[in-house]
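Trainee: This is the structure I want to talk about, given as structure tokens.
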Amino acid sequence: MEEKPDFFEFAAEVGLTKHLGGLGATEELIKRCHIGEGKTILDVGCGVGATPCFIVKSCGCKVVGVDISEKMIERSREKAKREGVADRTEFRVADAQELPFEDDLFDAVITESVTAFPEDKQRAVNEYVRVTKQGGYVGLNESTWLKTPAPPELVAWASQNVGANVGPLTSDGWVGLLAGAGLKEIFSKTYAINTQDEAKGLLRRYGLRGMLGVMSRMLFLYTRNPTYRRFVKEVQETGIAPENLNEYFGYGVYVGRK
């Protein structure tokens, strides 16, 4: 554990990753990307493995998950084993901007609150398209500015609650990345943030038992590690959503076909 852990190191330690739109957004990606039995899917930025495990169990397909964090990959493998889907999942450490796969390999590539972080977003999307089979789909669920320019306090809130260094785009920006990578039949839909629904979404994704485990690990870290206590204090100080949040900030589902 590093001396100054960042947002994602904290998430990996407690075994909880989140994305805007919750399980409903994941289900929309499944539908729009035509994910089903017998397909092979790549989840870029899989976090602790919640989405890969859900897709395998609900769709009867195989899912490969990659994440830039070794700790996240460890958590993903643990979760897949606990949920009995280790034989239909594979997890590897990888950078979204340089995927370690051959061309035309996956039936669909998805990301959830991931592509907002790489410095070169077009390079990342180009990689998603490269490893997707001809006729396959690339689907993004990403944080989106509904209106620009956003007030400074809202930018600060997004950085603390979505992740440091997050770089949301407008809907046109995300669509432009997909089009720039050569995708067609592009679907785009944006949604405002509902903080209560986001909280309920975590419970639906992880279940009561899973959330109790997360809370237990959070309490353990809080009592044992002063660095994490400082982190939690910072979250609490900026955790109240600005009143104008729904006006400026949300998420979008963006899907294109290769």
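Lettering and numbering for the structure tokens are positional, with chains as A, B, ... in the shown order, residues counted from 1 in each chain, and ligands counted from 1 in the shown order.
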I'd like the neighbourhood of Glu247 (chain A) as an mmCIF file with N, CA and C atoms, in the first residue's frame, where a residue qualifies if any of its atoms comes within 10 Å (using only C-alpha atoms), though same-chain residues fewer than 5 positions away should be ignored.
Mentor:
```cif
data_model
loop_
_atom_site.group_PDB
_atom_site.id
_atom_site.type_symbol
_atom_site.label_atom_id
_atom_site.label_comp_id
_atom_site.auth_asym_id
_atom_site.auth_seq_id
_atom_site.Cartn_x
_atom_site.Cartn_y
_atom_site.Cartn_z
ATOM 1 N N TRP A 145 -20.591 15.989 -19.668
ATOM 2 C CA TRP A 145 -21.050 17.346 -19.376
ATOM 3 C C TRP A 145 -22.317 17.592 -20.182
ATOM 4 N N LEU A 146 -23.416 17.845 -19.510
ATOM 5 C CA LEU A 146 -24.673 18.143 -20.167
ATOM 6 C C LEU A 146 -24.721 19.594 -20.632
ATOM 7 N N LYS A 147 -23.899 20.420 -19.985
ATOM 8 C CA LYS A 147 -23.847 21.839 -20.292
ATOM 9 C C LYS A 147 -22.464 22.358 -19.938
ATOM 10 N N THR A 148 -21.901 23.205 -20.762
ATOM 11 C CA THR A 148 -20.565 23.757 -20.507
ATOM 12 C C THR A 148 -20.590 25.272 -20.709
ATOM 13 N N ALA A 150 -18.673 24.193 -17.039
ATOM 14 C CA ALA A 150 -19.166 23.822 -15.717
ATOM 15 C C ALA A 150 -18.522 24.701 -14.645
ATOM 16 N N ALA A 192 -29.238 12.674 -16.637
ATOM 17 C CA ALA A 192 -28.811 13.478 -15.491
ATOM 18 C C ALA A 192 -28.509 12.559 -14.314
ATOM 19 N N ILE A 193 -27.745 13.065 -13.365
ATOM 20 C CA ILE A 193 -27.378 12.298 -12.184
ATOM 21 C C ILE A 193 -28.471 12.390 -11.126
#
```
Trainee: Find the residues around Lys258 (chain A) up to 8 Å (only C-alpha atoms counted), leave out those fewer than 2 positions away in its own chain, and share them as a compact mmCIF listing (two decimals) with C-alpha atoms, in the first residue's frame.
Mentor:
```
# COMPACT_ATOMS: atom_id res chain seq x y z
CA VAL A 129 -12.26 -0.76 -32.20
CA THR A 132 -13.46 -5.75 -31.98
CA LYS A 133 -14.61 -8.14 -34.69
CA GLN A 134 -16.04 -6.75 -37.92
CA GLY A 135 -19.74 -6.21 -37.27
CA GLY A 136 -19.18 -6.13 -33.50
CA TYR A 137 -19.94 -3.29 -31.11
CA VAL A 138 -18.08 -0.81 -28.94
CA GLY A 182 -14.57 4.51 -37.89
CA LEU A 183 -17.68 3.20 -36.13
CA LYS A 184 -21.13 3.48 -37.71
CA GLY A 256 -21.19 2.16 -32.36
```
Trainee: Which residue is closest to Val255 (chain A)? Choose from A:Ser143, A:Thr111, A:Gln122, A:Ser216 and count only C-alpha atoms.
Mentor: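 Looking only at the distances to Val255 (chain A), the closest residue turns out to be A:Thr111.
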Trainee: Please compute the CA of Ile41 (chain A)-CA of Val64 (chain A) distance, one decimal, in Å.
Mentor: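 Going from CA of Ile41 (chain A) over to CA of Val64 (chain A), I get 6.1 Å.
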Trainee: Write out as an MDAnalysis selection string which residues come within 8 Å of region 92-108 of chain A when counting only C-alpha atoms, dropping same-chain ones fewer than 6 positions away.
Mentor: chainID A and resid 33 35 39:42 44:45 64:70 73 115 118 120:121 123:125 127:128 130:134 136:139
Trainee: Residues as selected, N, CA and C atoms, written as a short mmCIF file (atom, residue, chain, number, x, y, z; two decimals), in the first residue's frame, can you do that?
Mentor:
```cif
data_model
loop_
_atom_site.label_atom_id
_atom_site.label_comp_id
_atom_site.auth_asym_id
_atom_site.auth_seq_id
_atom_site.Cartn_x
_atom_site.Cartn_y
_atom_site.Cartn_z
N CYS A 33 -25.22 -3.47 -27.29
CA CYS A 33 -24.06 -4.15 -27.88
C CYS A 33 -24.38 -5.59 -28.28
N ILE A 35 -25.05 -8.25 -26.59
CA ILE A 35 -24.28 -9.24 -25.83
C ILE A 35 -25.20 -10.39 -25.44
N LYS A 39 -21.02 -15.29 -26.90
CA LYS A 39 -20.19 -14.16 -27.30
C LYS A 39 -18.97 -14.04 -26.37
N THR A 40 -17.94 -13.37 -26.87
CA THR A 40 -16.76 -13.07 -26.08
C THR A 40 -16.64 -11.57 -25.95
N ILE A 41 -16.61 -11.08 -24.73
CA ILE A 41 -16.70 -9.64 -24.44
C ILE A 41 -15.43 -9.18 -23.73
N LEU A 42 -15.01 -7.96 -24.04
CA LEU A 42 -13.91 -7.32 -23.32
C LEU A 42 -14.45 -6.16 -22.52
N VAL A 44 -13.09 -3.11 -20.53
CA VAL A 44 -11.89 -2.32 -20.30
C VAL A 44 -12.09 -1.47 -19.05
N GLY A 45 -11.18 -1.62 -18.08
CA GLY A 45 -11.34 -0.93 -16.81
C GLY A 45 -12.35 -1.64 -15.94
N VAL A 64 -13.60 -11.10 -20.76
CA VAL A 64 -12.22 -10.78 -20.40
C VAL A 64 -12.23 -9.38 -19.81
N GLY A 65 -11.64 -9.22 -18.64
CA GLY A 65 -11.58 -7.91 -18.01
C GLY A 65 -10.14 -7.44 -17.90
N VAL A 66 -9.90 -6.18 -18.21
CA VAL A 66 -8.57 -5.61 -18.02
C VAL A 66 -8.68 -4.36 -17.18
N ASP A 67 -7.64 -4.09 -16.43
CA ASP A 67 -7.57 -2.88 -15.62
C ASP A 67 -6.11 -2.52 -15.45
N ILE A 68 -5.83 -1.24 -15.32
CA ILE A 68 -4.45 -0.80 -15.18
C ILE A 68 -3.90 -1.07 -13.78
N SER A 69 -4.79 -1.37 -12.83
CA SER A 69 -4.41 -1.61 -11.44
C SER A 69 -4.29 -3.10 -11.14
N GLU A 70 -3.13 -3.51 -10.66
CA GLU A 70 -2.93 -4.91 -10.28
C GLU A 70 -3.86 -5.31 -9.14
N ILE A 73 -7.28 -6.14 -10.43
CA ILE A 73 -7.29 -7.45 -11.08
C ILE A 73 -7.32 -8.57 -10.04
N THR A 115 -13.14 5.64 -19.95
CA THR A 115 -12.51 6.38 -21.04
C THR A 115 -12.42 7.86 -20.74
N PRO A 118 -8.12 8.35 -19.54
CA PRO A 118 -6.88 8.40 -20.32
C PRO A 118 -6.64 9.78 -20.92
N ASP A 120 -5.12 10.38 -23.76
CA ASP A 120 -5.43 10.31 -25.19
C ASP A 120 -6.66 9.42 -25.38
N LYS A 121 -7.82 10.02 -25.30
CA LYS A 121 -9.06 9.26 -25.39
C LYS A 121 -9.27 8.65 -26.77
N ARG A 123 -7.02 7.59 -28.81
CA ARG A 123 -6.15 6.42 -28.90
C ARG A 123 -6.80 5.23 -28.21
N ALA A 124 -7.40 5.46 -27.04
CA ALA A 124 -8.07 4.37 -26.32
C ALA A 124 -9.23 3.81 -27.14
N VAL A 125 -10.09 4.69 -27.67
CA VAL A 125 -11.23 4.23 -28.46
C VAL A 125 -10.75 3.50 -29.71
N GLU A 127 -8.19 1.69 -29.92
CA GLU A 127 -7.81 0.35 -29.46
C GLU A 127 -9.03 -0.53 -29.26
N TYR A 128 -10.10 0.04 -28.70
CA TYR A 128 -11.33 -0.75 -28.54
C TYR A 128 -11.81 -1.27 -29.89
N ARG A 130 -10.06 -1.62 -32.68
CA ARG A 130 -9.09 -2.54 -33.28
C ARG A 130 -9.33 -3.98 -32.86
N VAL A 131 -9.62 -4.20 -31.57
CA VAL A 131 -9.75 -5.57 -31.07
C VAL A 131 -11.17 -6.12 -31.21
N THR A 132 -12.08 -5.31 -31.76
CA THR A 132 -13.46 -5.75 -31.98
C THR A 132 -13.61 -6.39 -33.35
N LYS A 133 -14.37 -7.46 -33.42
CA LYS A 133 -14.61 -8.14 -34.69
C LYS A 133 -15.41 -7.23 -35.64
N GLN A 134 -15.23 -7.47 -36.94
CA GLN A 134 -16.04 -6.75 -37.92
C GLN A 134 -17.51 -7.06 -37.67
N GLY A 136 -19.00 -6.18 -34.95
CA GLY A 136 -19.18 -6.13 -33.50
C GLY A 136 -19.41 -4.71 -33.01
N TYR A 137 -19.53 -4.57 -31.70
CA TYR A 137 -19.94 -3.29 -31.11
C TYR A 137 -18.95 -2.80 -30.07
N VAL A 138 -18.83 -1.48 -30.00
CA VAL A 138 -18.08 -0.81 -28.94
C VAL A 138 -19.07 0.06 -28.18
N GLY A 139 -19.14 -0.15 -26.85
CA GLY A 139 -20.11 0.59 -26.04
C GLY A 139 -19.46 1.28 -24.86
#
```
Trainee: Which residue is closest to Asp172 (chain A)? Choose from A:Gly38, A:Tyr254, A:Tyr248, A:Lys62 and count only C-alpha atoms.
Mentor: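 Smallest separation from Asp172 (chain A) among the options: A:Tyr254.
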Trainee: How many Å separate CA of Asn246 (chain A) from CA of Glu153 (chain A)?
Mentor: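 Going from CA of Asn246 (chain A) over to CA of Glu153 (chain A) covers 13.5 Å.
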Trainee: Would you pick out the contacts of Glu37 (chain A) at 10 Å or less, using only C-alpha atoms, so that residues sharing its chain but fewer than 4 positions from it are not included, and give the list as a ChimeraX atom specification?
Mentor: /A:55-56,58-62
Trainee: Once you have the residues from the selection above, write them out as a short mmCIF file (atom, residue, chain, number, x, y, z; two decimals), in the first residue's frame, restricted to C-alpha atoms.
Mentor:
```
data_model
loop_
_atom_site.label_atom_id
_atom_site.label_comp_id
_atom_site.auth_asym_id
_atom_site.auth_seq_id
_atom_site.Cartn_x
_atom_site.Cartn_y
_atom_site.Cartn_z
CA ILE A 55 -22.52 -10.29 -17.65
CA VAL A 56 -21.30 -13.89 -17.48
CA SER A 58 -26.89 -13.01 -16.94
CA CYS A 59 -25.85 -13.54 -20.57
CA GLY A 60 -24.05 -16.89 -20.63
CA CYS A 61 -20.98 -15.58 -22.40
CA LYS A 62 -17.25 -15.26 -21.72
#
```
Trainee: Quick one: pick out all alpha helix (DSSP H) residues within region 101-202 of chain A from a backbone DSSP run and write them as an MDAnalysis selection string.
Mentor: chainID A and resid 121:130 152:161 171:180 195:202
Trainee: Could you save those same residues with C-alpha atoms as a tab-separated table (two decimals), in the first residue's frame?
Mentor:
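Heads up, here's the output in part-v9.tsv:
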```
chain	number	residue	atom	x	y	z
A	121	LYS	CA	-9.06	9.26	-25.39
A	122	GLN	CA	-9.07	8.81	-29.15
A	123	ARG	CA	-6.15	6.42	-28.90
A	124	ALA	CA	-8.07	4.37	-26.32
A	125	VAL	CA	-11.23	4.23	-28.46
A	126	ASN	CA	-9.13	3.28	-31.49
A	127	GLU	CA	-7.81	0.35	-29.46
A	128	TYR	CA	-11.33	-0.75	-28.54
A	129	VAL	CA	-12.26	-0.76	-32.20
A	130	ARG	CA	-9.09	-2.54	-33.28
A	152	PRO	CA	-15.42	25.21	-10.63
A	153	GLU	CA	-17.17	23.70	-7.58
A	154	LEU	CA	-18.87	21.13	-9.79
A	155	VAL	CA	-15.60	20.21	-11.49
A	156	ALA	CA	-14.08	19.70	-8.03
A	157	TRP	CA	-17.02	17.53	-6.95
A	158	ALA	CA	-16.68	15.33	-10.04
A	159	SER	CA	-12.96	14.89	-9.41
A	160	GLN	CA	-13.55	13.73	-5.83
A	161	ASN	CA	-16.61	11.57	-6.42
A	171	SER	CA	-22.25	14.03	-25.78
A	172	ASP	CA	-20.95	15.36	-29.10
A	173	GLY	CA	-17.40	14.76	-27.89
A	174	TRP	CA	-18.02	11.11	-27.09
A	175	VAL	CA	-19.87	10.53	-30.36
A	176	GLY	CA	-16.99	12.21	-32.17
A	177	LEU	CA	-14.51	9.74	-30.70
A	178	LEU	CA	-16.58	6.77	-31.89
A	179	ALA	CA	-17.01	8.27	-35.34
A	180	GLY	CA	-13.32	9.16	-35.47
A	195	THR	CA	-27.56	10.71	-6.30
A	196	GLN	CA	-30.22	8.63	-4.51
A	197	ASP	CA	-30.53	6.28	-7.47
A	198	GLU	CA	-26.74	5.99	-7.63
A	199	ALA	CA	-26.67	4.85	-3.99
A	200	LYS	CA	-29.46	2.33	-4.58
A	201	GLY	CA	-27.60	1.10	-7.64
A	202	LEU	CA	-24.62	0.06	-5.53
```
